[in-house]
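Trainee: Got a structure for you, questions after.
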There are 4 protein chains.
Amino acid sequence: MIWGEFLFTMTDIEIAAPPKLGKREQTKANNRQAIIDAARVVFAELGYGETTIRDIIRQTGLASGTFYNYFKSKEEVFQALMDDAALRVRPALRELREKAKTREQFVRGTFESYFRFIAEDRQTQHMVRRNTGAIRVRMDTPQIIAGFDELQQDIESAIERGLLPPVDPDYLTASFVGVAFEIADRMLERDNPDVTAAIEFATNLLLAGLQAVPASKTT
Amino acid sequence: MIWGEFLFTMTDIEIAAPPKLGKREQTKANNRQAIIDAARVVFAELGYGETTIRDIIRQTGLASGTFYNYFKSKEEVFQALMDDAALRVRPALRELREKAKTREQFVRGTFESYFRFIAEDRQTQHMVRRNTGAIRVRMDTPQIIAGFDELQQDIESAIERGLLPPVDPDYLTASFVGVAFEIADRMLERDNPDVTAAIEFATNLLLAGLQAVPASKTT
Amino acid sequence: MIWGEFLFTMTDIEIAAPPKLGKREQTKANNRQAIIDAARVVFAELGYGETTIRDIIRQTGLASGTFYNYFKSKEEVFQALMDDAALRVRPALRELREKAKTREQFVRGTFESYFRFIAEDRQTQHMVRRNTGAIRVRMDTPQIIAGFDELQQDIESAIERGLLPPVDPDYLTASFVGVAFEIADRMLERDNPDVTAAIEFATNLLLAGLQAVPASKTT
Amino acid sequence: MIWGEFLFTMTDIEIAAPPKLGKREQTKANNRQAIIDAARVVFAELGYGETTIRDIIRQTGLASGTFYNYFKSKEEVFQALMDDAALRVRPALRELREKAKTREQFVRGTFESYFRFIAEDRQTQHMVRRNTGAIRVRMDTPQIIAGFDELQQDIESAIERGLLPPVDPDYLTASFVGVAFEIADRMLERDNPDVTAAIEFATNLLLAGLQAVPASKTT
DNA sequence: AATGAATGAGCGTTCATTCAT
DNA sequence: AATGAATGAACGCTCATTCAT
């Protein structure tokens, strides 16, 4: 199955051959990555809003000042974290949807990728929905944002290709995202998450729903 | 129209006139409510994460220490705010769905309530999605949480009644919520939000989709 | 001697009858004064530029946050310190010069006040000239600024009265100030500061010099 | 005019051409001087107190660590800057006063040098008096310190030569310095600084005043 | 019960200084 | 000798929380 391969790619990619670095450059690169990794962990644990820069550097074991050699702000690490994730995730996801031959392939592929990824990475999931006491906050993990970011473009091109019916691409994207997020959430709350069932549910819902939706005026 | 009534209820915040007192004494007597009201305003303005307890009490005109006579933390006010909202919103919503005679009434009614409410209350909406820099955070407004909170029970009872097909109620609820949230979000980003179109899209999607979804094993 | 009296006034004034205060207002007032006093001490010890807000509060024994209940910045304490000093010093100094009957009384009175004040208050002096290592910095103590601040006005009115010759009042003020500062500085470096000699030197210099100075064109 | 020469010396900073090297190697060889020059520029721009070592080395283009190969602290660079300036300024000033034939030549020469120098170099002046907020701080520029530094010795020798009356040389020096500083300050605040008038005022004041001052006991 | 000043932990940030390269 | 990243103390400041009044 192609998706298994894809998911492997999603989490385990090591970036292309590192150009030989001196010891200095080496530690520099290491530290940068260490901060990004620490940020991913801490964001997932505390949520972005509650995370302080000091939390991040504490996690790395580096000195507080060192953070500022690499990033100017929490936002900047986050951006780097996103870029990092995007680099790994996007190409595979796009290829997946571009190569889809049938409507079902497109829809199922999207959900399958997402649900499997979510199921693999529990820690990340903690970030997706964080219920700080009374309040439900959903924060999109970098990988997830990256994953869905180009969904709309893919949907639009699929509509052009005639693979999907001419519905409002904006709302269709929204529906994909909303259904994926919320169902994944429920899925993980269960004792034995049945990924296949979730895929089946979402795929069928969207596949059938999609036909019934009124054609977009703008198309 | 029944929805109008519902929405009125949803936004109507002032409590029924208490035994007439001087304005001053009145406020004192209702300190708890004053704090809750202030919290609603400030949360909407600054977002939950950015709001400090000081911001809330400043809004009330009370002394900082007084806060702790009523609530132990920001979270606790938020909880109270939720309960407050639920009290007002839920009955109407439940009635709405309990009285639904057709599948479409059930589905459309749910989305119509939500989209109309969201469209009415722009300020609240600011709270729903707050993009602090790079990160997308979605925080559910108390009214909204309250609105969807018992959706699952309504869905379950509708399945029992035979109004809805015997699908996984958990995932169906998730689909309602996800689609509603995300489409509402896109809707508000448009220059002239077309509420009817959004309702139409969501209703048709769910209505058709839910037929295609496999029957739940647990039912 | 009238000057003795004046100098007493300069350092020991207790402000007019305090309106009865509750315990709360009392400590509040005390704390404010404590911070001002601490600031005076620390500024004198470290110089304004080198003094941190933390230095000031450390000196008071109060908690760090307490500072901000009273002042927003270092500058603001300094301003308060100035006002404090001005309140005590200015009236006496002005009266002194306004009552001067002879030219010598005016000149001698000015220097006498200044040198005696400086001799009394060694600590303040530390503030006036601070040689941080290689660098000579002269910082005017609040009392001193206050003391000289209105000198120019007094000089101008003395010129109008005919008590002083019609020379450039700006430059004459400058000469008073410069001579007073620098001689006081040297005086204090000596083992047994001879205040009388300093007064004599400065008074004679200015008194004779000011006759020889060309009349101001603007007068 | 002799003063012109002196002032040229005072501002002329470039050291005599060293054996021609590539610009790069040249800089490396003169790192010490490069730091001193950078310090002069930055001190003048930011003031001594606000200048950080980082500001200085940034200006040189050297690495931060390199600073410590040459100086231990900001103070130490400042000291070096002073010595540097003294080296250039002092000889001319001393010659000026040693060659003075009349009392007036001595006094006028001193003031003339100073006022003209100050008038020429506005930037330096910014360093001399920097009003950070409420507080008046006077910091002597290296050239100025150097200029007045040996004044006392010159005065003493002039007294011995009988050129000046036997007054307290310490206080007389103080009077020169104080009058020069303060009047220069006022002069620069005026729209069209009239250097001649300032010289005239100071010279006449000191010349006449000097006669009236009591003879020093120690002489 | 209400008050509001005091507290002090903790934040983001800067910067002198060190030290492996 | 030069480099420049790492260090960590210290800064200005905010704010939840306490407690004497």
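Note on naming: chains are A, B, ... as they come in the structure tokens, residues start from 1 per chain, ligands start from 1 in the order shown.
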Residues of chain F within 10 Å of chain B, counting only C-alpha atoms (C1' of nucleotides) - could you list those as a PDB file with N, CA and C atoms (P, O5', C5', C4', C3', O3' and C1' of nucleotides), in the first residue's frame?
Mentor:
```pdb
ATOM      1  P    DC F  15       0.260  41.805  32.900  1.00  0.00           P
ATOM      2  O5'  DC F  15      -0.037  40.837  34.117  1.00  0.00           O
ATOM      3  C5'  DC F  15       0.658  39.593  34.142  1.00  0.00           C
ATOM      4  C4'  DC F  15       0.422  38.898  35.462  1.00  0.00           C
ATOM      5  C3'  DC F  15      -0.957  39.181  36.070  1.00  0.00           C
ATOM      6  O3'  DC F  15      -1.477  37.942  36.480  1.00  0.00           O
ATOM      7  C1'  DC F  15       0.737  39.579  37.663  1.00  0.00           C
ATOM      8  P    DA F  16      -2.990  37.623  36.443  1.00  0.00           P
ATOM      9  O5'  DA F  16      -3.072  36.428  37.492  1.00  0.00           O
ATOM     10  C5'  DA F  16      -2.262  35.290  37.279  1.00  0.00           C
ATOM     11  C4'  DA F  16      -1.841  34.668  38.593  1.00  0.00           C
ATOM     12  C3'  DA F  16      -2.979  34.304  39.541  1.00  0.00           C
ATOM     13  O3'  DA F  16      -2.579  33.128  40.236  1.00  0.00           O
ATOM     14  C1'  DA F  16      -1.602  35.905  40.582  1.00  0.00           C
ATOM     15  P    DT F  17      -3.625  32.362  41.134  1.00  0.00           P
ATOM     16  O5'  DT F  17      -3.326  32.972  42.560  1.00  0.00           O
ATOM     17  C5'  DT F  17      -2.036  32.764  43.140  1.00  0.00           C
ATOM     18  C4'  DT F  17      -1.891  33.635  44.356  1.00  0.00           C
ATOM     19  C3'  DT F  17      -3.042  33.578  45.370  1.00  0.00           C
ATOM     20  O3'  DT F  17      -2.512  32.962  46.536  1.00  0.00           O
ATOM     21  C1'  DT F  17      -2.187  35.754  45.111  1.00  0.00           C
ATOM     22  P    DT F  18      -3.376  32.636  47.783  1.00  0.00           P
ATOM     23  O5'  DT F  18      -2.835  33.719  48.817  1.00  0.00           O
ATOM     24  C5'  DT F  18      -1.428  33.863  48.968  1.00  0.00           C
ATOM     25  C4'  DT F  18      -1.123  35.022  49.896  1.00  0.00           C
ATOM     26  C3'  DT F  18      -1.936  35.028  51.196  1.00  0.00           C
ATOM     27  O3'  DT F  18      -1.025  35.394  52.230  1.00  0.00           O
ATOM     28  C1'  DT F  18      -2.221  37.073  50.085  1.00  0.00           C
ATOM     29  P    DC F  19      -1.283  34.994  53.712  1.00  0.00           P
ATOM     30  O5'  DC F  19      -1.638  36.416  54.350  1.00  0.00           O
ATOM     31  C5'  DC F  19      -0.786  37.525  54.094  1.00  0.00           C
ATOM     32  C4'  DC F  19      -1.440  38.795  54.598  1.00  0.00           C
ATOM     33  C3'  DC F  19      -2.396  38.587  55.794  1.00  0.00           C
ATOM     34  O3'  DC F  19      -2.285  39.723  56.629  1.00  0.00           O
ATOM     35  C1'  DC F  19      -3.540  39.616  54.047  1.00  0.00           C
TER      36       DC F  19
END
```
Trainee: Using only C-alpha atoms (C1' of nucleotides), determine which residues of chain E fall within 9 Å of chain D; present them as a list in words.
Mentor: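 Matching residues, ligands excluded from the count: DC15, DA16, DT17 and DT18 of chain E.
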Trainee: Could the residues in this selection be saved with C-alpha atoms (C1' of nucleotides) as a tab-separated table (two decimals), in the first residue's frame?
Mentor:
```tsv
chain	number	residue	atom	x	y	z
E	15	DC	C1'	25.34	41.85	27.66
E	16	DA	C1'	30.10	41.20	29.74
E	17	DT	C1'	32.84	37.54	29.67
E	18	DT	C1'	34.73	32.85	28.61
```
Trainee: Between atom CA of Asp149 of chain D and atom CA of Ala86 of chain D, what distance in Å does the model show, to one decimal?
Mentor: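 Separation of atom CA of Asp149 of chain D and atom CA of Ala86 of chain D: 8.6 Å.
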Trainee: I want to know what sits within 7 Å of Ala208 of chain D, based on only C-alpha atoms (C1' of nucleotides), with residues of the same chain fewer than 5 positions away left out; could you give that as a VMD selection string?
Mentor: chain C and resid 208 to 209 212
Trainee: Please, what distance in Å, to one decimal, runs between atom CA of Thr110 of chain C and atom CA of Ile36 of chain C?
Mentor: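 We find that atom CA of Thr110 of chain C and atom CA of Ile36 of chain C lie 27.2 Å from each other.
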Trainee: May I have a table of the residues of chain A lying at most 8 Å from chain B, giving each one's closest pair of atoms and their distance in Å to one decimal, counting only C-alpha atoms, ordered by chain and ascending residue number, as a tab-separated table?
Mentor:
```
residue	atom	partner	partner_atom	distance
A:Gly49	CA	B:Gly49	CA	6.5
A:Glu50	CA	B:Gly49	CA	7.7
A:Glu75	CA	B:Ala134	CA	6.6
A:Phe78	CA	B:Ala134	CA	7.2
A:Gln79	CA	B:Ala134	CA	6.6
A:Gly133	CA	B:Glu75	CA	6.4
A:Ala134	CA	B:Gln79	CA	5.5
A:Ile135	CA	B:Met139	CA	7.4
A:Arg136	CA	B:Met139	CA	6.0
A:Val137	CA	B:Met139	CA	4.7
A:Arg138	CA	B:Arg138	CA	5.1
A:Met139	CA	B:Val137	CA	4.8
A:Asp140	CA	B:Arg136	CA	6.2
A:Asp170	CA	B:Arg186	CA	7.1
A:Tyr171	CA	B:Ile183	CA	5.6
A:Ala174	CA	B:Glu182	CA	5.0
A:Ser175	CA	B:Val179	CA	4.9
A:Phe176	CA	B:Val179	CA	7.9
A:Val177	CA	B:Glu182	CA	7.3
A:Gly178	CA	B:Gly178	CA	3.7
A:Val179	CA	B:Ser175	CA	4.9
A:Ala180	CA	B:Gly178	CA	7.8
A:Phe181	CA	B:Gly178	CA	6.9
A:Glu182	CA	B:Ala174	CA	5.0
A:Ile183	CA	B:Ala174	CA	5.4
A:Arg186	CA	B:Tyr171	CA	7.0
A:Ala198	CA	B:Tyr171	CA	7.9
A:Glu200	CA	B:Pro214	CA	7.7
A:Phe201	CA	B:Val213	CA	5.6
A:Ala202	CA	B:Val213	CA	7.9
A:Asn204	CA	B:Val213	CA	5.3
A:Leu205	CA	B:Gly209	CA	4.0
A:Leu206	CA	B:Gly209	CA	5.9
A:Leu207	CA	B:Gly209	CA	7.0
A:Ala208	CA	B:Gly209	CA	4.6
A:Gly209	CA	B:Leu205	CA	3.9
A:Leu210	CA	B:Leu205	CA	5.9
A:Gln211	CA	B:Ala208	CA	7.8
A:Ala212	CA	B:Asn204	CA	5.7
A:Val213	CA	B:Asn204	CA	5.3
A:Pro214	CA	B:Phe201	CA	6.6
```
Trainee: Do you have the atom CA of Thr27 of chain C-atom CA of Ala63 of chain C distance handy?
Mentor: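 If I compute the distance from atom CA of Thr27 of chain C to atom CA of Ala63 of chain C, I get 14.2 Å.
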Trainee: Between B:Val195, B:Leu188, B:Leu151, B:Ile57, which has the minimum distance to Arg90 of chain B (counting only C-alpha atoms)?
Mentor: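 Smallest distance to Arg90 of chain B is found for B:Leu151.
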Trainee: Which residues come within 8 Å of segment 154-161 of chain A, counting only C-alpha atoms (C1' of nucleotides), excluding same-chain residues fewer than 3 positions away, as a ChimeraX atom specification?
Mentor: /A:94,97-98,150-151,164-167,169,173
Trainee: Could you list, as a PDB file with N, CA and C atoms (P, O5', C5', C4', C3', O3' and C1' of nucleotides), in the first residue's frame, every residue within 12 Å of DA20 of chain F, counting only C-alpha atoms (C1' of nucleotides) and ignoring same-chain residues fewer than 3 positions away?
Mentor:
```pdb
ATOM      1  N   LYS C  23      -4.010  53.846  58.967  1.00  0.00           N
ATOM      2  CA  LYS C  23      -2.794  53.043  58.947  1.00  0.00           C
ATOM      3  C   LYS C  23      -2.356  52.763  57.511  1.00  0.00           C
ATOM      4  N   ARG C  24      -3.335  52.458  56.668  1.00  0.00           N
ATOM      5  CA  ARG C  24      -3.013  52.146  55.269  1.00  0.00           C
ATOM      6  C   ARG C  24      -2.329  53.315  54.575  1.00  0.00           C
ATOM      7  N   THR C  27       1.344  53.817  55.866  1.00  0.00           N
ATOM      8  CA  THR C  27       2.411  53.003  55.273  1.00  0.00           C
ATOM      9  C   THR C  27       2.615  53.361  53.823  1.00  0.00           C
TER      10      THR C  27
ATOM     11  P    DT E   3     -14.787  46.562  46.866  1.00  0.00           P
ATOM     12  O5'  DT E   3     -13.435  46.805  47.613  1.00  0.00           O
ATOM     13  C5'  DT E   3     -13.342  47.910  48.501  1.00  0.00           C
ATOM     14  C4'  DT E   3     -11.953  47.936  49.075  1.00  0.00           C
ATOM     15  C3'  DT E   3     -10.850  48.071  48.023  1.00  0.00           C
ATOM     16  O3'  DT E   3     -10.421  49.407  48.044  1.00  0.00           O
ATOM     17  C1'  DT E   3     -10.285  46.574  49.782  1.00  0.00           C
ATOM     18  P    DG E   4      -9.985  50.138  46.719  1.00  0.00           P
ATOM     19  O5'  DG E   4      -8.414  49.945  46.810  1.00  0.00           O
ATOM     20  C5'  DG E   4      -7.725  50.253  48.017  1.00  0.00           C
ATOM     21  C4'  DG E   4      -6.383  49.574  47.998  1.00  0.00           C
ATOM     22  C3'  DG E   4      -5.715  49.511  46.619  1.00  0.00           C
ATOM     23  O3'  DG E   4      -4.314  49.547  46.795  1.00  0.00           O
ATOM     24  C1'  DG E   4      -5.914  47.378  47.432  1.00  0.00           C
ATOM     25  P    DA E   5      -3.532  50.841  46.467  1.00  0.00           P
ATOM     26  O5'  DA E   5      -2.219  50.589  47.336  1.00  0.00           O
ATOM     27  C5'  DA E   5      -2.312  50.640  48.761  1.00  0.00           C
ATOM     28  C4'  DA E   5      -1.314  49.685  49.385  1.00  0.00           C
ATOM     29  C3'  DA E   5       0.054  49.646  48.715  1.00  0.00           C
ATOM     30  O3'  DA E   5       1.016  49.540  49.756  1.00  0.00           O
ATOM     31  C1'  DA E   5      -0.916  47.490  48.624  1.00  0.00           C
ATOM     32  P    DA E   6       2.499  49.140  49.439  1.00  0.00           P
ATOM     33  O5'  DA E   6       2.486  47.562  49.637  1.00  0.00           O
ATOM     34  C5'  DA E   6       2.314  47.032  50.938  1.00  0.00           C
ATOM     35  C4'  DA E   6       2.866  45.619  50.985  1.00  0.00           C
ATOM     36  C3'  DA E   6       4.272  45.465  50.395  1.00  0.00           C
ATOM     37  O3'  DA E   6       5.011  44.629  51.275  1.00  0.00           O
ATOM     38  C1'  DA E   6       2.738  44.092  49.197  1.00  0.00           C
TER      39       DA E   6
END
```
Trainee: DSSP says alpha helix (DSSP H) for which residues of segment 33-202 of chain A? Put them as a PyMOL selection string?
Mentor: chain A and resi 33-46+53-60+67-70+74-98+103-120+122-128+142-149+151-161+169-189+195-202
